[in-house]
Every structure is written in C-alpha cells, then in structure tokens.
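What follows is a set of notes on a single structure, which appears directly below.
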Amino acid sequence: MNIIVKKNADEVSKEGANIFIEEINKKPNIVLCLATGSTPQGLYKELIKANKNNEVNFKRVKSFNLDNYIGLEKNDINNYDYYMREKLFNHINIDKENWLVPFVNEENYETYCKEYDQLLEESGIDLLLLGIGENGHIAFNEPSDKFSVGTHIVDLDEKTRKANSRFFDSIEDVPKQAITMGIGSIMKAKKIVLLAIGEKKKEVIKKLLSAEKIDPQFPASILLAHRDVTIITEEALYDKN
Ligand code: GLP
C-alpha cells in the first residue's frame, strides 16, 4: 500500500483528484467506480473545476458506484443516485447512459445483484475510489466472519447507521439495509485510491496502516492483498509510529 500524507483535507482532495485526472487523461474511456459519504466531496469539487477548465474530459468515461441504501427513492437526498447527480454528474460532461448507481427494490434483489455483477465484469474497473468506515468497512461491506465476493444486500452495522445518522433527521430514518459491491469485485479493480479525512478516522487509519493480517472482521485489511492501493490522508491522522 502506498501512503500519501498531505497537510490538510483540501490537499487530500486535490491529490486524489489529480490521480483521477491523470488516469482519465491517459485512458479517456476509463471505467471508474465511485464512492459517496463526506470524504469524496472535495475530490468531486476538484473534478468539476478541472472539467470546466478543460483539464479533463468525461465524454467517454464510464462510472459505477460502490453501494446504495435500500428503501429510499432515487430523488431522496440520501439516496446515492441523488448524491452522485448533485455532487458530480450534473456538473461534468459525462453521458447519462455512462453512469450507474446501484438501486434495488424488494422485488428484484437477487436478479439485480447478478445483473450488476455482470455489468462490472463486462466493463472491468480501472480506477476505484474508497472511503473507509470507522469500523473498517469499505463500500458497505461490514465486519463479518467471511469476505463477500459479489454484489449483495447487507444489514447495516448499528455503528454505521449511527455514523451516517448525521445526514438524516434522526437515526430511525437511516435505512437498515443497503446494496453493496462485494469485496471480490472491489479487489478486481486495477487501481484503488482510498481517502481518509477527519479526526474520526484516526483510529481506523492507524489500524489499517499497522494491519499485518487480512481479517474479514476488519474489511479494509483485504487491501493488503491488492497490488495497487494508494491511501491518501492528512497529517493529523497519520501516526508514524
Ligand atoms: C459510508 C459509505 C462508504 C463510505 C463510508 C465512509 O457509509 N457507504 O462507501 O466510504 O461510509 O463515509 P464518510 O466518508 O462519510 O465518512
């Protein structure tokens, strides 16, 4: 794992965005996989700026998303489809047909997960963006006895619901389930960039950087087995010891 330590959150976002811009410029029909939450918002702002300044072109870029809640309409402000439109896609020159955020309803769980995996498999992911949960989750792959392979439905950890309740009126409104790409699909991405910002991530980043073994109870530890992972974090979170 490569680790890049920047002065502050803004610099982390800029560094992450520069990697994306460089990779898109190298391969204009690149396939991305994107994340939601607080962490990538600065990076998305940088990508919008770069697109407006003609430093990067999304015309041929294809994009998937890691995960989404279940039970929220697409236009609910907490649905990740809405998030991606608001925070990025509505502001760049990506084609509507070229991005997809997973979205399921109770009737189509099984077929949808299979179809999503098939699309991921056919496209192949070149560059994947990750945040990290305080409990070590990546996408919505929560601590568990074993790693998942493909896209599946998860019961959200109470810690995750609590952490994400800041986006909702109350914790009761946070969905109990989500759809997420599996660890297997994440690991197939050619290149992974993980961003960590904010004091609350200090412990989990320390744990990840000192991890010696892969443990499904600490999902992010799987990244030890990937050959191209870059972790970008801020000075305040980085404990050299
Ligand atoms: C969320 C998302 C993850 C995200 C993580 C951290 O619930 N499902 O993909 O990386 O938890 O979120 P944040 O960046 O808001 O701290």
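If you're wondering about the labels, chains in the structure tokens are A, B, ... by order shown, residues count from 1 in each chain, ligands from 1 in order shown.
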Pick out each residue of region 28-239 of chain A that DSSP on the backbone tags as helix (DSSP H, G or I); I need them as a CSV table (one decimal) with N, CA, C and O atoms, in the first residue's frame.
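Contents of the output file result.csv:
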```
chain,number,residue,atom,x,y,z
A,41,GLN,N,-16.3,14.4,-1.3
A,41,GLN,CA,-16.9,15.6,-1.8
A,41,GLN,C,-15.9,16.6,-2.3
A,41,GLN,O,-16.2,17.3,-3.3
A,42,GLY,N,-14.8,16.8,-1.6
A,42,GLY,CA,-13.8,17.8,-2.0
A,42,GLY,C,-13.2,17.3,-3.4
A,42,GLY,O,-12.9,18.1,-4.2
A,43,LEU,N,-13.0,16.0,-3.5
A,43,LEU,CA,-12.4,15.5,-4.7
A,43,LEU,C,-13.3,15.8,-5.9
A,43,LEU,O,-12.9,16.2,-7.0
A,44,TYR,N,-14.6,15.5,-5.7
A,44,TYR,CA,-15.6,15.8,-6.8
A,44,TYR,C,-15.6,17.3,-7.1
A,44,TYR,O,-15.7,17.6,-8.3
A,45,LYS,N,-15.5,18.2,-6.2
A,45,LYS,CA,-15.4,19.6,-6.5
A,45,LYS,C,-14.2,19.9,-7.4
A,45,LYS,O,-14.3,20.7,-8.3
A,46,GLU,N,-13.1,19.3,-7.1
A,46,GLU,CA,-11.9,19.5,-7.9
A,46,GLU,C,-12.1,18.9,-9.3
A,46,GLU,O,-11.6,19.5,-10.3
A,47,LEU,N,-12.8,17.8,-9.4
A,47,LEU,CA,-13.0,17.2,-10.8
A,47,LEU,C,-13.9,18.1,-11.6
A,47,LEU,O,-13.7,18.3,-12.8
A,48,ILE,N,-14.9,18.7,-10.9
A,48,ILE,CA,-15.8,19.6,-11.6
A,48,ILE,C,-15.1,20.9,-12.1
A,48,ILE,O,-15.2,21.3,-13.3
A,49,LYS,N,-14.2,21.4,-11.2
A,49,LYS,CA,-13.4,22.5,-11.6
A,49,LYS,C,-12.5,22.2,-12.8
A,49,LYS,O,-12.4,22.9,-13.8
A,50,ALA,N,-11.9,21.1,-12.8
A,50,ALA,CA,-10.9,20.7,-13.8
A,50,ALA,C,-11.7,20.4,-15.1
A,50,ALA,O,-11.2,20.8,-16.2
A,51,ASN,N,-12.9,19.9,-15.0
A,51,ASN,CA,-13.7,19.7,-16.2
A,51,ASN,C,-14.1,21.0,-16.9
A,51,ASN,O,-14.0,21.2,-18.1
A,52,LYS,N,-14.5,22.0,-16.0
A,52,LYS,CA,-14.9,23.3,-16.5
A,52,LYS,C,-13.7,24.0,-17.1
A,52,LYS,O,-13.8,24.8,-18.1
A,80,TYR,N,-28.0,7.5,-2.9
A,80,TYR,CA,-26.7,7.8,-3.5
A,80,TYR,C,-26.8,8.2,-5.0
A,80,TYR,O,-25.8,8.7,-5.6
A,81,ASP,N,-27.9,7.8,-5.7
A,81,ASP,CA,-28.1,8.2,-7.0
A,81,ASP,C,-28.3,9.8,-7.0
A,81,ASP,O,-27.6,10.5,-7.8
A,82,TYR,N,-29.1,10.3,-6.1
A,82,TYR,CA,-29.2,11.7,-6.0
A,82,TYR,C,-27.9,12.4,-5.6
A,82,TYR,O,-27.5,13.4,-6.2
A,83,TYR,N,-27.2,11.8,-4.7
A,83,TYR,CA,-25.9,12.3,-4.2
A,83,TYR,C,-25.0,12.5,-5.4
A,83,TYR,O,-24.4,13.5,-5.6
A,84,MET,N,-24.9,11.5,-6.2
A,84,MET,CA,-23.9,11.5,-7.3
A,84,MET,C,-24.3,12.5,-8.4
A,84,MET,O,-23.4,13.2,-8.9
A,85,ARG,N,-25.6,12.7,-8.6
A,85,ARG,CA,-26.0,13.7,-9.6
A,85,ARG,C,-25.7,15.1,-9.0
A,85,ARG,O,-25.2,15.9,-9.7
A,86,GLU,N,-26.0,15.3,-7.7
A,86,GLU,CA,-25.8,16.6,-7.1
A,86,GLU,C,-24.4,17.0,-7.0
A,86,GLU,O,-24.0,18.1,-7.2
A,87,LYS,N,-23.6,16.0,-6.5
A,87,LYS,CA,-22.2,16.3,-6.2
A,87,LYS,C,-21.2,16.2,-7.4
A,87,LYS,O,-20.2,16.8,-7.3
A,89,PHE,N,-22.2,14.4,-11.2
A,89,PHE,CA,-22.6,14.1,-12.6
A,89,PHE,C,-23.3,15.2,-13.3
A,89,PHE,O,-23.2,15.4,-14.5
A,90,ASN,N,-24.2,16.0,-12.5
A,90,ASN,CA,-24.9,17.1,-13.1
A,90,ASN,C,-23.9,18.3,-13.5
A,90,ASN,O,-24.4,19.2,-14.2
A,91,HIS,N,-22.7,18.2,-13.1
A,91,HIS,CA,-21.8,19.3,-13.3
A,91,HIS,C,-20.6,19.0,-14.2
A,91,HIS,O,-19.7,19.9,-14.3
A,96,LYS,N,-25.3,10.5,-19.7
A,96,LYS,CA,-26.3,9.9,-18.7
A,96,LYS,C,-26.2,8.4,-18.8
A,96,LYS,O,-26.4,7.7,-17.8
A,97,GLU,N,-26.0,7.9,-20.0
A,97,GLU,CA,-26.0,6.4,-20.2
A,97,GLU,C,-24.7,5.8,-19.6
A,97,GLU,O,-24.6,4.6,-19.6
A,98,ASN,N,-23.8,6.6,-19.3
A,98,ASN,CA,-22.5,6.0,-18.9
A,98,ASN,C,-22.2,5.9,-17.4
A,98,ASN,O,-21.2,5.6,-17.0
A,106,GLU,N,-37.5,-4.2,-3.1
A,106,GLU,CA,-37.6,-5.6,-2.5
A,106,GLU,C,-37.9,-6.7,-3.5
A,106,GLU,O,-37.5,-7.8,-3.3
A,107,GLU,N,-38.5,-6.4,-4.6
A,107,GLU,CA,-38.9,-7.5,-5.6
A,107,GLU,C,-37.7,-8.0,-6.4
A,107,GLU,O,-37.8,-9.1,-6.9
A,108,ASN,N,-36.7,-7.2,-6.6
A,108,ASN,CA,-35.7,-7.6,-7.6
A,108,ASN,C,-34.3,-7.8,-7.0
A,108,ASN,O,-33.3,-7.8,-7.8
A,109,TYR,N,-34.2,-8.0,-5.7
A,109,TYR,CA,-32.9,-8.1,-5.1
A,109,TYR,C,-31.9,-9.1,-5.8
A,109,TYR,O,-30.8,-8.7,-6.2
A,110,GLU,N,-32.4,-10.3,-6.0
A,110,GLU,CA,-31.5,-11.3,-6.5
A,110,GLU,C,-31.0,-11.1,-7.9
A,110,GLU,O,-29.8,-11.1,-8.2
A,111,THR,N,-32.0,-10.8,-8.8
A,111,THR,CA,-31.7,-10.6,-10.2
A,111,THR,C,-30.8,-9.3,-10.3
A,111,THR,O,-29.9,-9.3,-11.1
A,112,TYR,N,-31.2,-8.3,-9.6
A,112,TYR,CA,-30.4,-7.1,-9.7
A,112,TYR,C,-28.9,-7.2,-9.3
A,112,TYR,O,-28.0,-6.8,-10.0
A,113,CYS,N,-28.7,-7.9,-8.2
A,113,CYS,CA,-27.3,-8.1,-7.8
A,113,CYS,C,-26.5,-8.9,-8.9
A,113,CYS,O,-25.4,-8.5,-9.2
A,114,LYS,N,-27.2,-9.9,-9.4
A,114,LYS,CA,-26.5,-10.7,-10.5
A,114,LYS,C,-26.2,-9.8,-11.7
A,114,LYS,O,-25.1,-9.8,-12.3
A,115,GLU,N,-27.2,-9.0,-12.1
A,115,GLU,CA,-27.0,-8.1,-13.3
A,115,GLU,C,-25.9,-7.1,-13.0
A,115,GLU,O,-25.1,-6.8,-13.9
A,116,TYR,N,-25.9,-6.6,-11.8
A,116,TYR,CA,-24.9,-5.5,-11.5
A,116,TYR,C,-23.5,-6.2,-11.6
A,116,TYR,O,-22.6,-5.6,-12.2
A,117,ASP,N,-23.3,-7.4,-11.1
A,117,ASP,CA,-22.0,-8.1,-11.2
A,117,ASP,C,-21.6,-8.3,-12.6
A,117,ASP,O,-20.5,-8.2,-13.0
A,118,GLN,N,-22.7,-8.7,-13.4
A,118,GLN,CA,-22.4,-9.0,-14.8
A,118,GLN,C,-21.8,-7.7,-15.5
A,118,GLN,O,-20.9,-7.8,-16.3
A,119,LEU,N,-22.5,-6.6,-15.2
A,119,LEU,CA,-22.0,-5.3,-15.8
A,119,LEU,C,-20.6,-5.0,-15.4
A,119,LEU,O,-19.8,-4.5,-16.2
A,120,LEU,N,-20.3,-5.2,-14.1
A,120,LEU,CA,-19.0,-4.9,-13.6
A,120,LEU,C,-18.0,-5.8,-14.3
A,120,LEU,O,-16.9,-5.3,-14.7
A,121,GLU,N,-18.3,-7.0,-14.4
A,121,GLU,CA,-17.4,-8.0,-15.0
A,121,GLU,C,-17.2,-7.6,-16.5
A,121,GLU,O,-16.0,-7.7,-16.9
A,122,GLU,N,-18.2,-7.3,-17.2
A,122,GLU,CA,-18.1,-6.9,-18.6
A,122,GLU,C,-17.2,-5.7,-18.8
A,122,GLU,O,-16.4,-5.6,-19.7
A,123,SER,N,-17.4,-4.7,-18.0
A,123,SER,CA,-16.7,-3.4,-18.1
A,123,SER,C,-15.3,-3.5,-17.6
A,123,SER,O,-14.4,-3.0,-18.2
A,158,GLU,N,-24.9,-1.3,13.4
A,158,GLU,CA,-25.5,-0.2,14.1
A,158,GLU,C,-24.5,1.0,14.2
A,158,GLU,O,-24.9,2.2,14.2
A,159,LYS,N,-23.2,0.7,14.2
A,159,LYS,CA,-22.2,1.8,14.3
A,159,LYS,C,-22.3,2.6,13.0
A,159,LYS,O,-22.1,3.8,13.0
A,160,THR,N,-22.5,1.9,11.9
A,160,THR,CA,-22.6,2.6,10.6
A,160,THR,C,-23.8,3.5,10.5
A,160,THR,O,-23.8,4.6,10.1
A,161,ARG,N,-24.9,2.9,11.0
A,161,ARG,CA,-26.2,3.7,11.0
A,161,ARG,C,-26.0,4.9,11.9
A,161,ARG,O,-26.5,6.0,11.5
A,162,LYS,N,-25.4,4.8,13.0
A,162,LYS,CA,-25.2,5.9,13.9
A,162,LYS,C,-24.3,6.9,13.2
A,162,LYS,O,-24.6,8.1,13.2
A,163,ALA,N,-23.2,6.5,12.6
A,163,ALA,CA,-22.2,7.4,12.0
A,163,ALA,C,-22.9,8.2,10.9
A,163,ALA,O,-22.7,9.4,10.7
A,164,ASN,N,-23.8,7.5,10.1
A,164,ASN,CA,-24.4,8.1,9.0
A,164,ASN,C,-25.7,8.9,9.3
A,164,ASN,O,-26.3,9.6,8.5
A,165,SER,N,-26.1,8.8,10.6
A,165,SER,CA,-27.4,9.5,11.0
A,165,SER,C,-27.2,11.0,10.9
A,165,SER,O,-28.2,11.7,10.9
A,166,ARG,N,-26.0,11.5,10.8
A,166,ARG,CA,-25.8,12.9,10.7
A,166,ARG,C,-26.4,13.5,9.4
A,166,ARG,O,-26.7,14.6,9.3
A,167,PHE,N,-26.6,12.6,8.4
A,167,PHE,CA,-27.2,13.0,7.1
A,167,PHE,C,-28.8,13.0,7.2
A,167,PHE,O,-29.4,13.5,6.3
A,171,ILE,N,-31.9,8.9,13.8
A,171,ILE,CA,-31.3,7.6,13.5
A,171,ILE,C,-32.4,6.6,13.0
A,171,ILE,O,-32.1,5.7,12.1
A,172,GLU,N,-33.6,6.8,13.4
A,172,GLU,CA,-34.7,6.0,12.9
A,172,GLU,C,-34.9,6.0,11.4
A,172,GLU,O,-35.4,5.1,10.8
A,173,ASP,N,-34.5,7.2,10.8
A,173,ASP,CA,-34.7,7.3,9.4
A,173,ASP,C,-33.6,6.7,8.6
A,173,ASP,O,-33.7,6.6,7.3
A,183,ILE,N,-16.5,-7.6,-1.8
A,183,ILE,CA,-15.0,-7.4,-1.7
A,183,ILE,C,-14.3,-8.0,-2.9
A,183,ILE,O,-13.3,-7.4,-3.4
A,184,GLY,N,-14.9,-9.1,-3.5
A,184,GLY,CA,-14.3,-9.7,-4.6
A,184,GLY,C,-14.2,-8.7,-5.8
A,184,GLY,O,-13.2,-8.6,-6.5
A,185,SER,N,-15.3,-8.0,-6.0
A,185,SER,CA,-15.4,-7.0,-7.2
A,185,SER,C,-14.4,-5.8,-6.9
A,185,SER,O,-13.8,-5.3,-7.8
A,186,ILE,N,-14.4,-5.4,-5.7
A,186,ILE,CA,-13.5,-4.2,-5.3
A,186,ILE,C,-12.1,-4.6,-5.6
A,186,ILE,O,-11.3,-3.9,-6.2
A,187,MET,N,-11.7,-5.8,-5.2
A,187,MET,CA,-10.3,-6.3,-5.4
A,187,MET,C,-9.9,-6.5,-6.9
A,187,MET,O,-8.8,-6.5,-7.2
A,188,LYS,N,-10.9,-6.6,-7.7
A,188,LYS,CA,-10.6,-6.8,-9.2
A,188,LYS,C,-10.3,-5.5,-9.8
A,188,LYS,O,-9.8,-5.4,-11.0
A,199,GLU,N,-10.7,13.8,11.9
A,199,GLU,CA,-10.2,13.2,13.2
A,199,GLU,C,-10.9,11.8,13.5
A,199,GLU,O,-10.2,10.9,14.0
A,200,LYS,N,-12.2,11.7,13.1
A,200,LYS,CA,-12.9,10.4,13.5
A,200,LYS,C,-12.2,9.2,12.8
A,200,LYS,O,-12.5,8.1,13.2
A,201,LYS,N,-11.4,9.4,11.8
A,201,LYS,CA,-10.8,8.3,11.0
A,201,LYS,C,-9.4,7.9,11.5
A,201,LYS,O,-8.8,7.1,11.0
A,202,LYS,N,-9.0,8.6,12.6
A,202,LYS,CA,-7.6,8.4,13.0
A,202,LYS,C,-7.3,7.0,13.5
A,202,LYS,O,-6.4,6.4,13.0
A,203,GLU,N,-8.2,6.5,14.3
A,203,GLU,CA,-8.0,5.1,14.8
A,203,GLU,C,-8.1,4.1,13.7
A,203,GLU,O,-7.2,3.2,13.7
A,204,VAL,N,-9.0,4.2,12.8
A,204,VAL,CA,-9.2,3.2,11.8
A,204,VAL,C,-8.0,3.2,10.8
A,204,VAL,O,-7.5,2.2,10.3
A,205,ILE,N,-7.5,4.4,10.5
A,205,ILE,CA,-6.3,4.5,9.6
A,205,ILE,C,-5.0,4.0,10.3
A,205,ILE,O,-4.3,3.2,9.7
A,206,LYS,N,-4.9,4.2,11.6
A,206,LYS,CA,-3.8,3.6,12.4
A,206,LYS,C,-3.9,2.1,12.3
A,206,LYS,O,-2.9,1.4,12.0
A,207,LYS,N,-5.1,1.6,12.5
A,207,LYS,CA,-5.3,0.1,12.4
A,207,LYS,C,-5.0,-0.4,11.1
A,207,LYS,O,-4.4,-1.5,10.9
A,208,LEU,N,-5.4,0.3,10.0
A,208,LEU,CA,-5.2,-0.2,8.7
A,208,LEU,C,-3.7,-0.2,8.3
A,208,LEU,O,-3.1,-1.1,7.8
A,209,LEU,N,-3.0,0.9,8.7
A,209,LEU,CA,-1.6,1.0,8.4
A,209,LEU,C,-0.7,0.1,9.2
A,209,LEU,O,0.4,-0.2,8.8
A,210,SER,N,-1.2,-0.4,10.3
A,210,SER,CA,-0.4,-1.4,11.1
A,210,SER,C,-0.9,-2.8,10.9
A,210,SER,O,-0.4,-3.7,11.6
A,219,PRO,N,-12.7,-5.3,7.4
A,219,PRO,CA,-12.8,-5.5,6.0
A,219,PRO,C,-11.7,-4.7,5.2
A,219,PRO,O,-11.2,-5.3,4.2
A,220,ALA,N,-11.3,-3.5,5.6
A,220,ALA,CA,-10.3,-2.8,4.8
A,220,ALA,C,-9.0,-3.5,4.8
A,220,ALA,O,-8.1,-3.3,3.9
A,221,SER,N,-8.7,-4.5,5.7
A,221,SER,CA,-7.5,-5.2,5.7
A,221,SER,C,-7.2,-6.0,4.4
A,221,SER,O,-6.1,-6.3,4.1
A,222,ILE,N,-8.3,-6.3,3.7
A,222,ILE,CA,-8.2,-7.0,2.4
A,222,ILE,C,-7.3,-6.2,1.4
A,222,ILE,O,-6.6,-6.8,0.6
A,223,LEU,N,-7.2,-4.9,1.6
A,223,LEU,CA,-6.4,-4.1,0.7
A,223,LEU,C,-4.9,-4.5,0.8
A,223,LEU,O,-4.2,-4.2,-0.2
A,224,LEU,N,-4.5,-5.1,1.8
A,224,LEU,CA,-3.1,-5.6,1.9
A,224,LEU,C,-2.8,-6.5,0.8
A,224,LEU,O,-1.6,-6.7,0.4
A,225,ALA,N,-3.8,-7.2,0.2
A,225,ALA,CA,-3.6,-8.2,-0.8
A,225,ALA,C,-3.7,-7.6,-2.2
A,225,ALA,O,-3.6,-8.3,-3.2
A,235,GLU,N,-2.2,14.9,7.6
A,235,GLU,CA,-1.1,14.9,8.7
A,235,GLU,C,-1.7,14.5,10.0
A,235,GLU,O,-1.2,13.7,10.8
A,236,ALA,N,-2.8,15.2,10.4
A,236,ALA,CA,-3.4,15.0,11.7
A,236,ALA,C,-3.8,13.5,12.0
A,236,ALA,O,-4.0,13.1,13.2
A,237,LEU,N,-4.0,12.8,10.9
A,237,LEU,CA,-4.5,11.4,11.1
A,237,LEU,C,-3.3,10.4,11.1
A,237,LEU,O,-3.5,9.2,11.3
```
Neighbourhood of ligand 1 at 6 Å, counting only C-alpha atoms and all ligand atoms, reported as a ChimeraX atom specification: /A:35-39,130-133,138-140
Would you mind exporting the chosen residues as an mmCIF file, in the first residue's frame, restricted to N, CA, C and O atoms?
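File written: result09.cif
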```cif
data_model
loop_
_atom_site.group_PDB
_atom_site.id
_atom_site.type_symbol
_atom_site.label_atom_id
_atom_site.label_comp_id
_atom_site.auth_asym_id
_atom_site.auth_seq_id
_atom_site.Cartn_x
_atom_site.Cartn_y
_atom_site.Cartn_z
ATOM 1 N N ALA A 35 -17.392 6.550 -4.914
ATOM 2 C CA ALA A 35 -17.874 6.398 -3.538
ATOM 3 C C ALA A 35 -18.727 7.603 -3.135
ATOM 4 O O ALA A 35 -18.716 8.638 -3.812
ATOM 5 N N THR A 36 -19.405 7.464 -2.030
ATOM 6 C CA THR A 36 -20.239 8.559 -1.511
ATOM 7 C C THR A 36 -19.769 8.919 -0.097
ATOM 8 O O THR A 36 -18.662 8.592 0.282
ATOM 9 N N GLY A 37 -20.623 9.586 0.662
ATOM 10 C CA GLY A 37 -20.235 9.993 2.020
ATOM 11 C C GLY A 37 -19.596 11.373 1.995
ATOM 12 O O GLY A 37 -19.537 12.036 0.956
ATOM 13 N N SER A 38 -19.072 11.788 3.137
ATOM 14 C CA SER A 38 -18.452 13.117 3.245
ATOM 15 C C SER A 38 -17.114 13.163 2.523
ATOM 16 O O SER A 38 -16.752 14.167 1.907
ATOM 17 N N THR A 39 -16.367 12.076 2.649
ATOM 18 C CA THR A 39 -14.963 12.087 2.216
ATOM 19 C C THR A 39 -14.715 12.516 0.768
ATOM 20 O O THR A 39 -13.850 13.357 0.535
ATOM 21 N N LEU A 130 -12.316 4.758 -2.761
ATOM 22 C CA LEU A 130 -12.889 4.271 -1.499
ATOM 23 C C LEU A 130 -12.787 5.320 -0.402
ATOM 24 O O LEU A 130 -11.820 6.092 -0.364
ATOM 25 N N GLY A 131 -13.767 5.303 0.485
ATOM 26 C CA GLY A 131 -13.638 5.947 1.782
ATOM 27 C C GLY A 131 -13.475 4.785 2.760
ATOM 28 O O GLY A 131 -13.318 3.637 2.351
ATOM 29 N N ILE A 132 -13.544 5.061 4.015
ATOM 30 C CA ILE A 132 -13.465 3.962 4.994
ATOM 31 C C ILE A 132 -14.377 4.281 6.168
ATOM 32 O O ILE A 132 -14.449 5.436 6.612
ATOM 33 N N GLY A 133 -15.090 3.269 6.635
ATOM 34 C CA GLY A 133 -15.947 3.465 7.806
ATOM 35 C C GLY A 133 -15.112 3.411 9.073
ATOM 36 O O GLY A 133 -14.014 2.833 9.079
ATOM 37 N N ILE A 138 -15.532 -1.087 3.943
ATOM 38 C CA ILE A 138 -15.280 -0.449 2.647
ATOM 39 C C ILE A 138 -16.518 -0.719 1.793
ATOM 40 O O ILE A 138 -17.051 -1.819 1.820
ATOM 41 N N ALA A 139 -16.945 0.286 1.039
ATOM 42 C CA ALA A 139 -18.294 0.313 0.470
ATOM 43 C C ALA A 139 -19.214 0.045 1.661
ATOM 44 O O ALA A 139 -19.015 0.624 2.724
ATOM 45 N N PHE A 140 -20.185 -0.897 1.547
ATOM 46 C CA PHE A 140 -20.968 -1.224 2.736
ATOM 47 C C PHE A 140 -20.650 -2.651 3.183
ATOM 48 O O PHE A 140 -21.509 -3.354 3.695
#
```
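With CA of Asn135 (chain A) on one side and CA of Ser170 (chain A) on the other, the separation reads 20.7 Å.
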Contacts of Ser144 (chain A) within 9 Å, only C-alpha atoms, excl. fewer than 3 positions in-chain, as a ChimeraX atom specification: /A:141,147-148,215-219
Same residues, all heavy atoms, output as a compact mmCIF listing (two decimals), in the first residue's frame:
```txt
# COMPACT_ATOMS: atom_id res chain seq x y z
N ASN A 141 -19.42 -3.08 2.96
CA ASN A 141 -19.01 -4.40 3.44
C ASN A 141 -18.63 -4.26 4.90
O ASN A 141 -17.54 -3.77 5.24
CB ASN A 141 -17.82 -4.92 2.62
CG ASN A 141 -18.24 -5.30 1.21
OD1 ASN A 141 -18.76 -6.39 0.99
ND2 ASN A 141 -18.04 -4.38 0.27
N PHE A 147 -15.39 -12.81 3.92
CA PHE A 147 -15.50 -11.77 2.90
C PHE A 147 -16.55 -12.16 1.87
O PHE A 147 -16.69 -13.33 1.53
CB PHE A 147 -14.15 -11.59 2.18
CG PHE A 147 -13.12 -10.91 3.02
CD1 PHE A 147 -11.99 -11.58 3.45
CD2 PHE A 147 -13.27 -9.57 3.36
CE1 PHE A 147 -11.02 -10.94 4.21
CE2 PHE A 147 -12.30 -8.92 4.13
CZ PHE A 147 -11.18 -9.61 4.55
N SER A 148 -17.24 -11.16 1.36
CA SER A 148 -18.22 -11.41 0.30
C SER A 148 -17.49 -11.37 -1.04
O SER A 148 -16.41 -10.80 -1.14
CB SER A 148 -19.25 -10.30 0.33
OG SER A 148 -18.58 -9.08 0.16
N ASP A 215 -8.29 -9.80 7.71
CA ASP A 215 -9.30 -10.28 8.64
C ASP A 215 -10.67 -9.72 8.24
O ASP A 215 -10.85 -8.50 8.22
CB ASP A 215 -8.91 -9.79 10.05
CG ASP A 215 -9.92 -10.17 11.11
OD1 ASP A 215 -10.92 -10.84 10.77
OD2 ASP A 215 -9.71 -9.77 12.27
N PRO A 216 -11.64 -10.59 7.92
CA PRO A 216 -12.96 -10.09 7.50
C PRO A 216 -13.68 -9.26 8.58
O PRO A 216 -14.61 -8.53 8.28
CB PRO A 216 -13.75 -11.35 7.15
CG PRO A 216 -12.99 -12.48 7.74
CD PRO A 216 -11.57 -12.06 7.88
N GLN A 217 -13.19 -9.38 9.83
CA GLN A 217 -13.78 -8.53 10.88
C GLN A 217 -13.26 -7.10 10.76
O GLN A 217 -13.76 -6.19 11.41
CB GLN A 217 -13.45 -9.08 12.29
CG GLN A 217 -14.15 -10.38 12.63
CD GLN A 217 -15.67 -10.25 12.68
OE1 GLN A 217 -16.24 -9.16 12.69
NE2 GLN A 217 -16.37 -11.38 12.71
N PHE A 218 -12.23 -6.93 9.93
CA PHE A 218 -11.71 -5.60 9.62
C PHE A 218 -11.59 -5.52 8.09
O PHE A 218 -10.51 -5.71 7.51
CB PHE A 218 -10.35 -5.40 10.32
CG PHE A 218 -9.83 -3.99 10.16
CD1 PHE A 218 -10.58 -2.88 10.55
CD2 PHE A 218 -8.57 -3.77 9.62
CE1 PHE A 218 -10.09 -1.59 10.39
CE2 PHE A 218 -8.07 -2.47 9.46
CZ PHE A 218 -8.84 -1.38 9.85
N PRO A 219 -12.74 -5.28 7.43
CA PRO A 219 -12.81 -5.46 5.97
C PRO A 219 -11.71 -4.75 5.18
O PRO A 219 -11.20 -5.30 4.20
CB PRO A 219 -14.20 -4.91 5.62
CG PRO A 219 -15.00 -5.11 6.85
CD PRO A 219 -14.05 -4.92 8.00
```
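Here the question is which of A:Glu55, A:Glu22, A:Asp10, A:Glu234 gets nearest to Leu127 (chain A) using only C-alpha atoms, and that residue is A:Glu22.
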Please tabulate, as JSON lines, the residues of region 175-231 of chain A that come within 12 Å of region 72-79 of chain A, each with its closest pair of atoms and the distance in Å to one decimal, counting only C-alpha atoms and ordering rows by chain, then residue number upward.
```
{"residue": "A:Pro175", "atom": "CA", "partner": "A:Leu72", "partner_atom": "CA", "distance": 7.8}
{"residue": "A:Lys176", "atom": "CA", "partner": "A:Leu72", "partner_atom": "CA", "distance": 11.0}
{"residue": "A:Gln177", "atom": "CA", "partner": "A:Leu72", "partner_atom": "CA", "distance": 10.5}
{"residue": "A:Ala178", "atom": "CA", "partner": "A:Leu72", "partner_atom": "CA", "distance": 10.1}
{"residue": "A:Ile179", "atom": "CA", "partner": "A:Asn79", "partner_atom": "CA", "distance": 11.6}
```
Export of the given selection (N, CA and C atoms) as a compact mmCIF listing (two decimals), in the first residue's frame:
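Full text of again_39.txt as output:
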```
# COMPACT_ATOMS: atom_id res chain seq x y z
N PRO A 175 -31.76 3.92 6.77
CA PRO A 175 -32.15 2.57 6.35
C PRO A 175 -31.37 1.49 7.09
N LYS A 176 -32.01 0.33 7.20
CA LYS A 176 -31.35 -0.77 7.92
C LYS A 176 -30.57 -1.65 6.97
N GLN A 177 -30.86 -1.49 5.68
CA GLN A 177 -30.18 -2.34 4.70
C GLN A 177 -29.59 -1.52 3.55
N ALA A 178 -28.65 -2.16 2.88
CA ALA A 178 -28.02 -1.49 1.73
C ALA A 178 -27.64 -2.55 0.70
N ILE A 179 -27.38 -2.06 -0.52
CA ILE A 179 -26.80 -2.95 -1.55
C ILE A 179 -25.35 -2.51 -1.68
```
Interatomic distance, CA of His226 (chain A) to CA of Asn57 (chain A) (Å, one decimal):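 Calculated distance between CA of His226 (chain A) and CA of Asn57 (chain A) is 28.2 Å.
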Residue with smallest distance to Ile192 (chain A) - pool A:Gly150, A:Pro102, A:Gly16, A:Gly136, counting only C-alpha atoms: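 Nearest to Ile192 (chain A): A:Gly16.
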